[in-house]
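**Student:** My structure is in run-v1.txt, and what it holds is compact mmCIF, C-alpha atoms:
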```txt
# COMPACT_ATOMS: atom_id res chain seq x y z
CA MET A 891 0.00 0.00 0.00
CA THR A 892 1.14 3.54 -0.65
CA VAL A 893 1.73 5.86 2.29
CA ARG A 894 -1.34 7.84 1.27
CA ASP A 895 -3.57 4.78 1.28
CA ARG A 896 -2.21 3.61 4.64
CA LEU A 897 -3.12 7.01 6.05
CA LEU A 898 -6.58 6.70 4.52
CA ALA A 899 -7.00 3.28 6.16
CA LEU A 900 -6.02 4.85 9.48
CA VAL A 901 -8.60 7.59 8.90
CA VAL A 902 -11.28 4.93 8.45
CA ALA A 903 -10.24 3.18 11.67
CA VAL A 904 -10.48 6.48 13.54
CA CYS A 905 -13.87 7.30 12.01
CA TRP A 906 -15.30 3.92 12.99
CA GLY A 907 -13.64 3.82 16.42
CA VAL A 908 -14.97 7.25 17.38
CA ASN A 909 -18.37 5.98 16.22
CA PHE A 910 -18.88 4.17 19.56
CA PRO A 911 -18.74 7.11 22.00
CA VAL A 912 -20.56 9.20 19.41
CA THR A 913 -23.39 6.64 19.46
CA ALA A 914 -23.52 6.81 23.25
CA ILE A 915 -23.94 10.59 23.09
CA ALA A 916 -26.65 10.34 20.42
CA LEU A 917 -28.54 7.88 22.64
CA GLU A 918 -28.70 10.48 25.40
CA HIS A 919 -31.42 12.20 23.39
CA PHE A 920 -32.79 9.63 20.93
CA PRO A 921 -34.13 6.24 22.03
CA PRO A 922 -32.39 3.26 20.37
CA PHE A 923 -35.00 2.18 17.81
CA LEU A 924 -35.72 5.76 16.80
CA LEU A 925 -32.00 6.43 16.38
CA VAL A 926 -31.70 3.48 14.00
CA ALA A 927 -34.72 4.71 12.02
CA LEU A 928 -33.36 8.27 11.78
CA ARG A 929 -29.87 7.16 10.81
CA PHE A 930 -31.07 5.06 7.91
CA THR A 931 -33.78 7.48 6.83
CA LEU A 932 -31.16 10.19 6.37
CA LEU A 933 -29.16 7.73 4.27
CA ALA A 934 -32.10 6.28 2.33
CA VAL A 935 -33.58 9.50 0.93
CA PRO A 936 -30.51 10.68 -1.07
CA THR A 937 -29.66 7.06 -1.95
CA VAL A 938 -32.97 6.41 -3.68
CA LEU A 939 -32.69 9.69 -5.57
CA LEU A 940 -29.03 9.60 -6.57
CA VAL A 941 -27.55 6.10 -6.38
CA PRO A 942 -28.33 3.29 -8.86
CA ARG A 943 -29.83 0.20 -7.26
CA PRO A 944 -27.34 -2.70 -7.09
CA ALA A 945 -28.01 -5.42 -9.65
CA ILE A 946 -29.01 -8.11 -7.16
CA PRO A 947 -32.41 -9.69 -6.39
CA TRP A 948 -34.67 -7.74 -4.06
CA SER A 949 -34.80 -10.69 -1.66
CA ARG A 950 -31.06 -10.50 -1.08
CA LEU A 951 -31.11 -6.73 -0.72
CA LEU A 952 -33.87 -7.03 1.90
CA LEU A 953 -31.95 -9.71 3.79
CA VAL A 954 -28.80 -7.59 3.92
CA GLY A 955 -30.76 -4.56 5.11
CA ALA A 956 -32.64 -6.56 7.74
CA THR A 957 -29.47 -8.03 9.22
CA LEU A 958 -26.79 -5.37 8.78
CA GLY A 959 -29.16 -2.46 9.14
CA MET A 960 -31.80 -3.56 11.62
CA LEU A 961 -30.51 -6.44 13.74
CA GLN A 962 -26.95 -5.20 14.11
CA PHE A 963 -27.69 -1.62 15.04
CA ALA A 964 -30.90 -2.24 16.97
CA PHE A 965 -29.15 -4.64 19.36
CA LEU A 966 -25.95 -2.57 19.53
CA TYR A 967 -27.87 0.59 20.38
CA LEU A 968 -30.04 -1.29 22.88
CA GLY A 969 -26.89 -2.65 24.53
CA ILE A 970 -25.25 0.77 24.85
CA ALA A 971 -28.51 2.32 26.07
CA ALA A 972 -28.80 -0.48 28.66
CA GLY A 973 -25.41 0.38 30.08
CA MET A 974 -22.78 -1.24 27.88
CA PRO A 975 -19.65 0.97 27.99
CA SER A 976 -18.99 2.19 24.46
CA GLY A 977 -15.32 1.19 24.55
CA LEU A 978 -16.13 -2.33 25.71
CA ALA A 979 -18.84 -2.54 23.03
CA SER A 980 -16.17 -1.98 20.36
CA LEU A 981 -14.31 -5.02 21.70
CA VAL A 982 -17.28 -7.34 22.20
CA LEU A 983 -18.58 -6.60 18.73
CA GLN A 984 -15.50 -8.39 17.36
CA ALA A 985 -17.53 -11.54 18.02
CA SER A 986 -18.98 -10.97 14.57
CA ALA A 987 -15.84 -12.47 13.00
CA PRO A 988 -16.05 -15.94 14.60
CA PHE A 989 -19.83 -15.86 14.17
CA THR A 990 -19.31 -15.14 10.46
CA VAL A 991 -16.90 -18.04 9.97
CA VAL A 992 -19.27 -20.52 11.62
CA ILE A 993 -22.36 -19.26 9.76
CA ALA A 994 -20.49 -19.26 6.43
CA GLY A 995 -19.39 -22.83 7.11
CA VAL A 996 -23.00 -23.94 7.64
CA TRP A 997 -24.75 -21.74 5.07
CA LEU A 998 -22.18 -21.50 2.27
CA ARG A 999 -20.32 -24.75 3.01
CA GLU A 1000 -17.07 -22.83 3.42
CA ARG A 1001 -14.32 -24.92 4.99
CA ILE A 1002 -13.01 -23.75 8.36
CA THR A 1003 -9.23 -23.96 8.35
CA ARG A 1004 -7.17 -24.93 11.38
CA ARG A 1005 -5.91 -21.34 11.64
CA GLN A 1006 -9.48 -20.04 11.70
CA ALA A 1007 -10.51 -22.63 14.30
CA VAL A 1008 -7.63 -21.63 16.59
CA GLY A 1009 -8.34 -17.91 16.15
CA ILE A 1010 -12.05 -18.42 16.77
CA GLY A 1011 -11.27 -20.43 19.88
CA ILE A 1012 -9.07 -17.67 21.30
CA ALA A 1013 -11.69 -15.01 20.54
CA VAL A 1014 -14.49 -17.07 22.09
CA VAL A 1015 -12.49 -17.63 25.28
CA GLY A 1016 -11.95 -13.87 25.51
CA LEU A 1017 -15.67 -13.20 25.05
CA VAL A 1018 -16.61 -15.78 27.68
CA VAL A 1019 -14.20 -14.16 30.13
CA ILE A 1020 -15.70 -10.73 29.45
CA ALA A 1021 -19.26 -12.01 29.85
CA GLY A 1022 -18.43 -13.90 33.04
CA HIS A 1023 -16.62 -10.92 34.52
CA ARG A 1024 -19.42 -8.49 33.65
CA SER A 1025 -21.99 -10.81 35.22
CA GLN A 1026 -20.09 -10.49 38.51
CA VAL A 1027 -19.45 -6.75 38.52
CA ALA A 1028 -22.36 -5.37 36.45
CA ALA A 1029 -25.47 -6.37 34.51
CA LEU A 1030 -24.94 -9.09 31.93
CA LEU A 1031 -27.83 -7.95 29.68
CA PRO A 1032 -25.85 -5.21 27.87
CA VAL A 1033 -23.18 -7.77 26.90
CA VAL A 1034 -25.82 -10.20 25.62
CA LEU A 1035 -27.49 -7.46 23.57
CA THR A 1036 -24.15 -6.43 22.06
CA LEU A 1037 -23.40 -10.06 21.18
CA CYS A 1038 -26.80 -10.24 19.46
CA GLY A 1039 -25.75 -7.20 17.43
CA ALA A 1040 -22.54 -9.00 16.48
CA LEU A 1041 -24.60 -12.03 15.42
CA GLY A 1042 -26.82 -9.83 13.23
CA TRP A 1043 -23.72 -8.34 11.65
CA ALA A 1044 -22.29 -11.81 11.02
CA ILE A 1045 -25.46 -13.02 9.30
CA GLY A 1046 -25.34 -9.87 7.20
CA ASN A 1047 -21.71 -10.54 6.25
CA VAL A 1048 -22.65 -13.95 4.87
CA ALA A 1049 -25.73 -12.48 3.16
CA VAL A 1050 -23.48 -9.92 1.45
CA ARG A 1051 -21.11 -12.60 0.26
CA ARG A 1052 -24.03 -14.61 -1.12
CA ALA A 1053 -25.47 -11.52 -2.82
CA ALA A 1054 -22.10 -10.85 -4.53
CA PRO A 1055 -22.90 -7.20 -5.41
CA PRO A 1056 -20.99 -5.76 -8.39
CA ASN A 1057 -20.60 -2.49 -6.47
CA PRO A 1058 -20.40 -3.04 -2.69
CA LEU A 1059 -20.75 0.67 -1.89
CA HIS A 1060 -24.09 0.83 -3.72
CA LEU A 1061 -25.34 -2.10 -1.65
CA THR A 1062 -24.08 -0.39 1.52
CA LEU A 1063 -26.21 2.62 0.68
CA TRP A 1064 -29.25 0.79 -0.68
CA MET A 1065 -29.57 -1.47 2.35
CA SER A 1066 -30.52 1.70 4.24
CA ILE A 1067 -33.97 1.68 2.62
CA VAL A 1068 -34.95 -1.46 4.53
CA ALA A 1069 -34.65 -0.25 8.12
CA PRO A 1070 -36.59 3.07 8.44
CA VAL A 1071 -40.22 1.87 8.33
CA PRO A 1072 -39.83 -1.32 10.47
CA MET A 1073 -37.63 0.48 13.01
CA LEU A 1074 -40.02 3.41 13.25
CA ALA A 1075 -42.88 0.96 13.82
CA LEU A 1076 -40.86 -0.77 16.56
CA SER A 1077 -40.08 2.59 18.09
CA PHE A 1078 -43.80 3.46 18.26
CA ALA A 1079 -44.63 0.06 19.75
CA VAL A 1080 -41.79 -0.19 22.28
CA GLU A 1081 -40.58 3.33 23.01
CA GLY A 1082 -43.99 4.97 22.61
CA PRO A 1083 -45.31 8.04 20.79
CA ALA A 1084 -44.67 10.24 23.82
CA ARG A 1085 -40.95 9.53 23.89
CA ILE A 1086 -40.67 9.88 20.12
CA GLY A 1087 -42.54 13.18 20.22
CA GLU A 1088 -40.32 14.47 22.99
CA SER A 1089 -37.15 13.52 21.12
CA LEU A 1090 -38.25 15.04 17.82
CA GLY A 1091 -40.00 18.02 19.38
CA THR A 1092 -36.85 19.16 21.18
CA VAL A 1093 -34.41 18.28 18.41
CA PHE A 1094 -33.62 21.95 17.68
CA THR A 1095 -32.91 22.89 21.30
CA LEU A 1096 -29.46 23.64 22.64
CA GLU A 1097 -29.60 20.61 24.93
CA ALA A 1098 -30.18 18.28 21.97
CA LEU A 1099 -27.41 19.79 19.83
CA PRO A 1100 -24.64 17.31 20.86
CA SER A 1101 -26.88 14.33 20.09
CA VAL A 1102 -27.99 15.82 16.76
CA LEU A 1103 -24.38 16.45 15.74
CA CYS A 1104 -23.55 12.88 16.71
CA LEU A 1105 -26.43 11.60 14.56
CA LEU A 1106 -25.02 13.56 11.63
CA TYR A 1107 -21.60 12.05 12.35
CA LEU A 1108 -23.10 8.54 12.15
CA VAL A 1109 -24.60 9.35 8.75
CA LEU A 1110 -21.92 11.47 7.11
CA ILE A 1111 -18.63 10.36 8.64
CA ALA A 1112 -19.11 6.78 9.86
CA SER A 1113 -21.29 5.76 6.92
CA LEU A 1114 -20.47 7.82 3.83
CA VAL A 1115 -16.83 8.80 4.43
CA GLY A 1116 -15.83 5.58 6.18
CA TYR A 1117 -17.53 3.22 3.73
CA GLY A 1118 -16.45 5.25 0.72
CA ILE A 1119 -12.75 5.11 1.61
CA TRP A 1120 -12.90 1.47 2.75
CA THR A 1121 -14.62 0.31 -0.42
CA ARG A 1122 -12.12 2.18 -2.56
CA LEU A 1123 -9.20 0.54 -0.72
CA LEU A 1124 -10.77 -2.91 -1.14
CA SER A 1125 -11.13 -2.24 -4.86
CA VAL A 1126 -7.39 -1.57 -5.17
CA TYR A 1127 -5.75 -3.99 -2.70
CA PRO A 1128 -6.38 -7.58 -1.60
CA SER A 1129 -8.57 -7.88 1.49
CA ALA A 1130 -5.67 -9.50 3.37
CA THR A 1131 -3.81 -6.20 3.00
CA VAL A 1132 -6.68 -3.94 3.99
CA ALA A 1133 -8.54 -5.97 6.65
CA PRO A 1134 -5.85 -5.79 9.40
CA PHE A 1135 -6.39 -2.04 9.65
CA SER A 1136 -9.89 -2.76 10.99
CA MET A 1137 -8.21 -4.22 14.10
CA LEU A 1138 -7.48 -0.62 15.05
CA VAL A 1139 -11.21 0.12 15.37
CA PRO A 1140 -11.63 -1.29 18.90
CA VAL A 1141 -8.32 0.29 19.93
CA VAL A 1142 -9.61 3.69 18.83
CA GLY A 1143 -13.01 2.90 20.35
CA VAL A 1144 -11.50 2.21 23.78
CA LEU A 1145 -9.25 5.30 23.62
CA ALA A 1146 -12.05 7.56 22.38
CA SER A 1147 -14.40 6.34 25.11
CA TRP A 1148 -11.70 6.94 27.70
CA LEU A 1149 -11.24 10.52 26.46
CA ALA A 1150 -14.99 11.18 26.16
CA PHE A 1151 -16.33 9.50 29.29
CA GLY A 1152 -13.33 8.45 31.36
CA GLU A 1153 -14.14 4.78 30.64
CA VAL A 1154 -11.23 2.61 31.64
CA PRO A 1155 -11.71 -1.15 31.19
CA ASP A 1156 -10.42 -3.09 34.17
CA THR A 1157 -7.52 -5.47 33.75
CA VAL A 1158 -9.65 -8.57 33.16
CA GLU A 1159 -11.73 -6.92 30.42
CA LEU A 1160 -8.68 -5.38 28.79
CA VAL A 1161 -6.74 -8.64 28.64
CA ALA A 1162 -9.81 -10.53 27.41
CA GLY A 1163 -10.42 -7.82 24.80
CA VAL A 1164 -6.85 -8.14 23.54
CA ALA A 1165 -7.45 -11.91 23.26
CA VAL A 1166 -10.61 -11.31 21.22
CA VAL A 1167 -8.89 -8.90 18.82
CA GLY A 1168 -5.78 -11.10 18.60
CA GLY A 1169 -7.86 -14.20 17.86
CA VAL A 1170 -9.76 -12.42 15.12
CA LEU A 1171 -6.55 -11.07 13.59
CA TYR A 1172 -4.92 -14.51 13.67
CA ALA A 1173 -7.95 -16.16 12.08
CA SER A 1174 -8.15 -13.57 9.30
CA ARG A 1175 -4.44 -13.65 8.44
CA VAL A 1176 -3.69 -15.29 5.12
CA PRO A 1177 -0.61 -17.56 5.42
CA ARG A 1178 2.05 -17.44 2.73
CA ALA A 1179 3.72 -20.54 1.37
CA ARG A 1180 7.43 -20.80 2.12
CA PRO A 1181 9.79 -21.03 -0.86
CA THR A 1182 11.97 -24.14 -0.75
CA GLY A 1183 15.54 -24.67 -1.85
CA GLY A 1184 16.11 -20.97 -2.38
CA ASP A 1185 13.68 -20.90 -5.29
CA LEU A 1186 12.38 -17.49 -6.18
CA GLY A 1187 9.25 -18.83 -7.82
CA ALA A 1188 7.00 -21.83 -7.98
CA GLY A 1189 7.38 -24.38 -10.72
CA ASP A 1190 4.03 -23.42 -12.19
CA GLY A 1191 5.02 -19.81 -12.70
CA ARG A 1192 3.57 -18.42 -9.49
CA ALA A 1193 5.65 -16.05 -7.40
CA ALA A 1194 7.20 -17.44 -4.25
CA GLY A 1195 4.85 -16.99 -1.32
CA ASP A 1196 1.75 -17.22 -3.47
CA ASP A 1197 -0.25 -19.98 -1.80
CA ARG A 1198 -3.08 -19.90 -4.31
CA PRO A 1199 -3.46 -22.95 -6.51
CA ALA A 1200 -2.31 -22.49 -10.08
CA HIS A 1201 -4.93 -22.10 -12.76
CA GLY A 1202 -6.34 -25.50 -13.52
CA ASP A 1203 -5.09 -27.12 -10.27
CA ARG A 1204 -8.72 -27.90 -9.49
CA THR A 1205 -11.61 -28.26 -11.88
CA ALA A 1206 -15.35 -27.97 -11.56
CA ASP A 1207 -17.72 -30.75 -12.53
CA ASP A 1208 -18.11 -29.25 -15.98
CA GLY A 1209 -14.36 -29.25 -16.57
CA ARG A 1210 -13.79 -25.53 -16.02
CA ALA A 1211 -10.86 -24.48 -13.84
CA VAL A 1212 -11.64 -23.26 -10.35
CA VAL A 1213 -9.42 -20.39 -9.28
CA ASP A 1214 -9.16 -19.11 -5.74
CA ASP A 1215 -9.20 -15.37 -5.91
CA PRO A 1216 -8.35 -13.41 -2.74
CA GLU A 1217 -10.13 -10.43 -4.24
CA GLU A 1218 -13.37 -12.36 -3.67
CA ALA A 1219 -12.80 -12.20 0.06
CA ARG A 1220 -13.77 -8.57 0.16
CA VAL A 1221 -16.33 -8.14 2.86
CA ALA A 1222 -16.44 -5.30 5.20
CA PRO A 1223 -15.35 -5.10 8.61
CA PRO A 1224 -17.07 -4.03 10.45
CA GLY A 1225 -17.33 -5.23 5.31
CA SER A 1226 -17.29 -2.99 2.52
CA VAL A 1227 -20.99 -3.31 3.07
CA ALA A 1228 -20.69 -5.20 6.30
CA VAL A 1229 -20.74 -2.04 8.30
CA ALA A 1230 -17.10 -2.17 9.02
CA GLU A 1231 -17.31 0.74 11.38
CA THR A 1232 -18.08 -1.94 13.92
CA GLY A 1233 -15.08 -4.11 13.43
CA THR A 1234 -13.39 -6.54 11.12
CA ALA A 1235 -13.90 -8.27 7.85
CA PRO A 1236 -14.61 -11.96 8.34
CA PRO A 1237 -11.71 -14.23 7.42
CA GLY A 1238 -11.49 -16.75 4.63
CA PRO A 1239 -11.30 -16.40 0.86
CA ALA A 1240 -14.22 -17.32 -1.32
CA VAL A 1241 -13.95 -19.58 -4.36
CA ARG A 1242 -14.84 -18.24 -7.77
CA ARG A 1243 -16.23 -20.70 -10.26
```
What does this structure look like when you write it as structure tokens?
**Tutor:**
Amino acid sequence: MTVRDRLLALVVAVCWGVNFPVTAIALEHFPPFLLVALRFTLLAVPTVLLVPRPAIPWSRLLLVGATLGMLQFAFLYLGIAAGMPSGLASLVLQASAPFTVVIAGVWLRERITRRQAVGIGIAVVGLVVIAGHRSQVAALLPVVLTLCGALGWAIGNVAVRRAAPPNPLHLTLWMSIVAPVPMLALSFAVEGPARIGESLGTVFTLEALPSVLCLLYLVLIASLVGYGIWTRLLSVYPSATVAPFSMLVPVVGVLASWLAFGEVPDTVELVAGVAVVGGVLYASRVPRARPTGGDLGAGDGRAAGDDRPAHGDRTADDGRAVVDDPEEARVAPPGSVAVAETGTAPPGPAVRR
């Protein structure tokens, strides 16, 4: 990567890490379901007017919007509103990566490698430690809600891979049309017209200004700027080069929450969080083959270190060659369309037939 693009990747990590304390501030004025509805409404209106619809079936578009848009953010916002520290939320949400690998293995029949199994195991141990510790020192419900958000994100990751959009950024924007009406209906049913009216009726007051600015941050910076840069990087470089930068998101999230609210994870949560991030990073790392005998290249013409099978090494039932393409592994952290502001791209290359 060029120095400029590395700096852009760092900008994305900062945008998405700061997203967590920003969400906590927005929730001080807007109830969770209403905040989800407003966020995606502000995205949906210009999207429908200005952005071409991705060339995928409506059923797949609706599934992506329901999981990445509704389930992920509804549970995440509920968790933070219920008392989940925003910095800790950025760590726990890394559970989406092991969830994604397992779901992809069941749904898409993707093979789980030994590296992925070890990384998942480390991450799961870290999450269990965090959950067990929180159950002793604070309410466990916020952790469970945040894990449900990670599960929704993971299902969405696999749905995105199955949809295979020709332009991931367009899908990122168009999935926003799914959430507004259902989330507004949930807000009326659960949060009540009185609370909605109070939130919207005082939206132009000085007291509401920080929350309104944070809502605009979620729409303009976390969504448009963050996704735009991330998708552009994924279009230029292999996902194995870009994805590790998403590991900085929880680091920035913890630091930003410490600066904003004085949140300092205790030693147990911090060590367990490092285990979660380390496990995810290990699972998503693409190993390189070692050159033997001092060779500078493989006998089939591949460069040394290229562990992809040569063209024609495997064939499909109809006799066509099957080529593993690391470019196919592009899914957002949290992916290009997988709402990478919340974490990492799920590991594991796809197979192109």
**Student:** For Leu1106 of chain A, which of A:Leu1017, A:Met891, A:Leu978, A:Leu933 is the closest residue, counting only C-alpha atoms?
**Tutor:** A:Leu933
**Student:** Write out as a list in words each polymer residue whose atoms come within 7 Å of Gly1169 of chain A, counting only C-alpha atoms; drop sequence neighbours fewer than 4 positions from it.
**Tutor:**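 Near neighbours after the sequence-gap exclusion: Gly1009, Ile1010, Ile1012, Ala1013, Ala1165 and Ala1173 of chain A.
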**Student:** Determine the nearest neighbour of Tyr1107 of chain A from the options A:Leu1090, A:Ala903, A:Val912, A:Ile946, counting all atoms listed in the file.
**Tutor:**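 So, comparing all the options, the nearest one is A:Val912.
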**Student:** Smallest atom-to-atom distance to Val1050 of chain A: which of A:Thr1131, A:Asn909, A:Ser1147, A:Thr957, using all atoms listed in the file?
**Tutor:** A:Thr957
**Student:** Taking into account all atoms listed in the file, which residue in the set A:Pro944, A:Gly1116, A:Pro921, A:Gly1091 is nearest to Val901 of chain A?
**Tutor:**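 Smallest separation from Val901 of chain A among the options: A:Gly1116.
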**Student:** Hey, what's within 12 Å of Val1154 of chain A if we count all atoms listed in the file and toss same-chain stuff fewer than 2 positions away? As an MDAnalysis selection string, please?
**Tutor:** chainID A and resid 975:978 1143:1152 1156:1160
**Student:** Go through A:Met1065, A:Leu1059, A:Leu966, A:Leu1076 and flag the residue nearest Leu1037 of chain A, using only C-alpha atoms for the distances.
**Tutor:**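 Among the listed residues, A:Leu966 lies closest to Leu1037 of chain A.
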**Student:** Name all residues at most 12 Å from Leu1110 of chain A (count all atoms listed in the file; drop same-chain ones fewer than 2 positions away) and give them as a ChimeraX atom specification.
**Tutor:** /A:905-906,909,929-930,932-933,936,1063,1103-1108,1112-1118
**Student:** Please indicate the distance in Å from atom CA of Ile1020 of chain A to atom CA of Ala1162 of chain A, rounded to one decimal place.
**Tutor:**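 These atoms are spaced 6.2 Å apart.
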**Student:** For the point (-30.1, 2.9, 26.8) in file coordinates, what residues are within 12 Å, counting all atoms listed in the file? Give the answer as a PyMOL selection string?
**Tutor:** chain A and resi 913-925+964-976+1031-1032+1035+1081
**Student:** Taking into account all atoms listed in the file, which residue in the set A:Thr937, A:Gln1006, A:Thr931, A:Ser980 is nearest to His1060 of chain A?
**Tutor:**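 Once distances to His1060 of chain A are computed over all atoms listed in the file, the minimum belongs to A:Thr937.
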